[in-house]
Amino acid sequence: MEEKIKTILERDVVPILASHGGGCEFVELTPNNIVKVKLTGMCCGCRGAKASIKGVVEGILKENIEGIKAVEEI
């Protein structure tokens, strides 16, 4: 499942965040199917980061991979 997460992040999430000067890196998949990511670039520390995690990253991953429960930023 980790490879699929990485592929979807690169293909679908990173281009969206890059349009705002940011990015996203996969960190880990917990045993409870929570994906941990690190925001990079302009997304790192941005006031809208929480909305990006929930609205963009989590939405896309849940839409494409059954069983993902949540996405959290580290």
# chains A, B, ... in the order shown; residues from 1 in each chain; ligands from 1
>>> residues_around(residues="A:Leu61", least_positions_apart="3", cutoff="8 Å", atoms="only C-alpha atoms", output="list in words")
Ile5, Ile8, Leu9, Val57, Glu58, Asn64, Ile65 and Ile68 of chain A
>>> residues_around(residues="A:Lys50", least_positions_apart="5", cutoff="9 Å", atoms="only C-alpha atoms", output="PyMOL selection string")
chain A and resi 55+72-73
>>> write_last_selection(atoms="N, CA, C and O atoms", output="PDB file, in the first residue's frame")
ATOM      1  N   GLY A  55      -8.322  18.667   2.984  1.00  0.00           N
ATOM      2  CA  GLY A  55      -9.098  18.868   1.768  1.00  0.00           C
ATOM      3  C   GLY A  55      -8.466  18.315   0.512  1.00  0.00           C
ATOM      4  O   GLY A  55      -9.167  17.855  -0.387  1.00  0.00           O
ATOM      5  N   GLU A  72      -2.219  12.781   8.386  1.00  0.00           N
ATOM      6  CA  GLU A  72      -1.722  13.712   9.387  1.00  0.00           C
ATOM      7  C   GLU A  72      -0.380  14.278   8.960  1.00  0.00           C
ATOM      8  O   GLU A  72       0.438  13.572   8.361  1.00  0.00           O
ATOM      9  N   GLU A  73      -0.155  15.534   9.302  1.00  0.00           N
ATOM     10  CA  GLU A  73       1.126  16.176   9.030  1.00  0.00           C
ATOM     11  C   GLU A  73       2.032  15.970  10.242  1.00  0.00           C
ATOM     12  O   GLU A  73       1.580  16.045  11.378  1.00  0.00           O
TER      13      GLU A  73
END
>>> residues_around(residues="A:Glu66", least_positions_apart="4", cutoff="12 Å", atoms="only C-alpha atoms", output="number ranges by chain")
A: 1, 4-5, 33-34, 58-62, 70
>>> write_last_selection(atoms="all heavy atoms", output="short mmCIF file (atom, residue, chain, number, x, y, z; two decimals), in the first residue's frame")
data_model
loop_
_atom_site.label_atom_id
_atom_site.label_comp_id
_atom_site.auth_asym_id
_atom_site.auth_seq_id
_atom_site.Cartn_x
_atom_site.Cartn_y
_atom_site.Cartn_z
N MET A 1 0.82 -1.19 0.00
CA MET A 1 0.00 0.00 0.00
C MET A 1 0.87 1.27 0.00
O MET A 1 0.46 2.27 -0.56
CB MET A 1 -0.95 -0.01 1.20
CG MET A 1 -1.93 1.14 1.16
SD MET A 1 -3.09 1.34 2.53
CE MET A 1 -3.96 -0.16 2.60
N LYS A 4 1.67 2.53 -3.47
CA LYS A 4 0.51 3.15 -4.09
C LYS A 4 0.31 4.56 -3.55
O LYS A 4 -0.01 5.49 -4.29
CB LYS A 4 -0.74 2.29 -3.87
CG LYS A 4 -1.92 2.76 -4.67
CD LYS A 4 -3.06 1.75 -4.64
CE LYS A 4 -4.17 2.23 -5.55
NZ LYS A 4 -5.27 1.30 -5.61
N ILE A 5 0.49 4.74 -2.24
CA ILE A 5 0.38 6.07 -1.62
C ILE A 5 1.40 7.02 -2.24
O ILE A 5 1.06 8.14 -2.64
CB ILE A 5 0.57 5.98 -0.10
CG1 ILE A 5 -0.60 5.24 0.54
CG2 ILE A 5 0.73 7.38 0.51
CD1 ILE A 5 -0.37 4.85 1.98
N ASN A 33 -3.67 2.47 9.48
CA ASN A 33 -3.93 3.07 8.16
C ASN A 33 -4.08 4.58 8.20
O ASN A 33 -4.92 5.16 7.51
CB ASN A 33 -5.14 2.42 7.48
CG ASN A 33 -4.80 1.05 6.94
OD1 ASN A 33 -3.64 0.70 6.77
ND2 ASN A 33 -5.80 0.26 6.68
N ILE A 34 -3.24 5.21 9.01
CA ILE A 34 -3.14 6.66 9.01
C ILE A 34 -1.85 7.01 8.28
O ILE A 34 -0.78 6.49 8.59
CB ILE A 34 -3.13 7.23 10.44
CG1 ILE A 34 -4.48 6.93 11.11
CG2 ILE A 34 -2.84 8.73 10.42
CD1 ILE A 34 -4.56 7.28 12.56
N GLU A 58 -5.74 14.23 2.04
CA GLU A 58 -6.59 13.17 2.56
C GLU A 58 -7.70 12.81 1.59
O GLU A 58 -7.99 11.64 1.36
CB GLU A 58 -7.17 13.58 3.91
CG GLU A 58 -7.96 12.48 4.59
CD GLU A 58 -8.40 12.86 5.98
OE1 GLU A 58 -7.56 12.80 6.89
OE2 GLU A 58 -9.58 13.24 6.14
N GLY A 59 -8.31 13.81 0.99
CA GLY A 59 -9.39 13.56 0.04
C GLY A 59 -8.96 12.70 -1.13
O GLY A 59 -9.63 11.74 -1.50
N ILE A 60 -7.82 13.05 -1.70
CA ILE A 60 -7.33 12.30 -2.86
C ILE A 60 -6.93 10.88 -2.47
O ILE A 60 -7.25 9.91 -3.17
CB ILE A 60 -6.17 13.05 -3.54
CG1 ILE A 60 -6.71 14.30 -4.23
CG2 ILE A 60 -5.43 12.14 -4.53
CD1 ILE A 60 -5.64 15.23 -4.78
N LEU A 61 -6.24 10.73 -1.34
CA LEU A 61 -5.81 9.39 -0.94
C LEU A 61 -7.01 8.50 -0.61
O LEU A 61 -7.06 7.35 -1.03
CB LEU A 61 -4.84 9.46 0.23
CG LEU A 61 -3.44 9.96 -0.11
CD1 LEU A 61 -2.58 10.06 1.15
CD2 LEU A 61 -2.75 9.07 -1.13
N LYS A 62 -7.98 9.03 0.13
CA LYS A 62 -9.16 8.23 0.48
C LYS A 62 -9.97 7.85 -0.76
O LYS A 62 -10.54 6.77 -0.83
CB LYS A 62 -10.05 9.00 1.46
CG LYS A 62 -9.55 8.97 2.88
CD LYS A 62 -10.53 9.72 3.76
CE LYS A 62 -10.34 9.40 5.22
NZ LYS A 62 -11.35 10.10 6.05
N ALA A 70 -7.08 8.38 7.70
CA ALA A 70 -6.80 9.81 7.86
C ALA A 70 -5.41 10.10 7.34
O ALA A 70 -4.60 9.19 7.10
CB ALA A 70 -6.90 10.21 9.33
#
>>> residues_around(residues="A:Gly22", least_positions_apart="5", cutoff="9 Å", atoms="only C-alpha atoms", output="PDB file with C-alpha atoms, in the first residue's frame")
ATOM      1  CA  VAL A  14       2.261  17.241  -5.527  1.00  0.00           C
ATOM      2  CA  PRO A  15       1.228  19.042  -8.749  1.00  0.00           C
ATOM      3  CA  ILE A  16      -1.646  20.737  -6.902  1.00  0.00           C
ATOM      4  CA  LEU A  17       0.553  21.853  -4.026  1.00  0.00           C
ATOM      5  CA  LEU A  39       4.566  19.415   3.824  1.00  0.00           C
ATOM      6  CA  THR A  40       7.420  21.196   2.075  1.00  0.00           C
ATOM      7  CA  GLY A  41       8.117  24.517   0.416  1.00  0.00           C
ATOM      8  CA  MET A  42       5.543  27.255   0.854  1.00  0.00           C
ATOM      9  CA  CYS A  43       3.087  24.755   2.386  1.00  0.00           C
ATOM     10  CA  CYS A  44       5.370  24.237   5.373  1.00  0.00           C
TER      11      CYS A  44
END
>>> residues_around(residues="A:Phe26", least_positions_apart="5", cutoff="8 Å", atoms="only C-alpha atoms", output="PyMOL selection string")
chain A and resi 5-6+9+35-38
>>> closest_residue(among="A:Glu25, A:Pro31, A:Lys69, A:Val56", to="A:Thr7", atoms="only C-alpha atoms")
A:Glu25
>>> select_by_dssp(residues="chain A", states="alpha helix (DSSP H)", output="list in words")
Glu2, Glu3, Lys4, Ile5, Lys6, Thr7, Ile8, Val14, Pro15, Ile16, Leu17, Ala18, Ala49, Lys50, Ala51, Gly59, Ile60, Leu61, Lys62, Glu63 and Asn64 of chain A
>>> select_by_dssp(residues="chain A", states="strand (DSSP E)", output="list in words")
Gly22, Gly23, Cys24, Glu25, Phe26, Val27, Glu28, Leu29, Ile34, Val35, Lys36, Val37, Lys38, Leu39, Thr40, Gly41, Ala70, Val71, Glu72 and Glu73 of chain A
>>> atom_distance(atom1="atom CA of A:Ser19", atom2="atom CA of A:Lys54")
17.5 Å
>>> closest_residue(among="A:Asn32, A:Arg47, A:Ile53, A:Val27", to="A:Glu3", atoms="only C-alpha atoms")
A:Val27
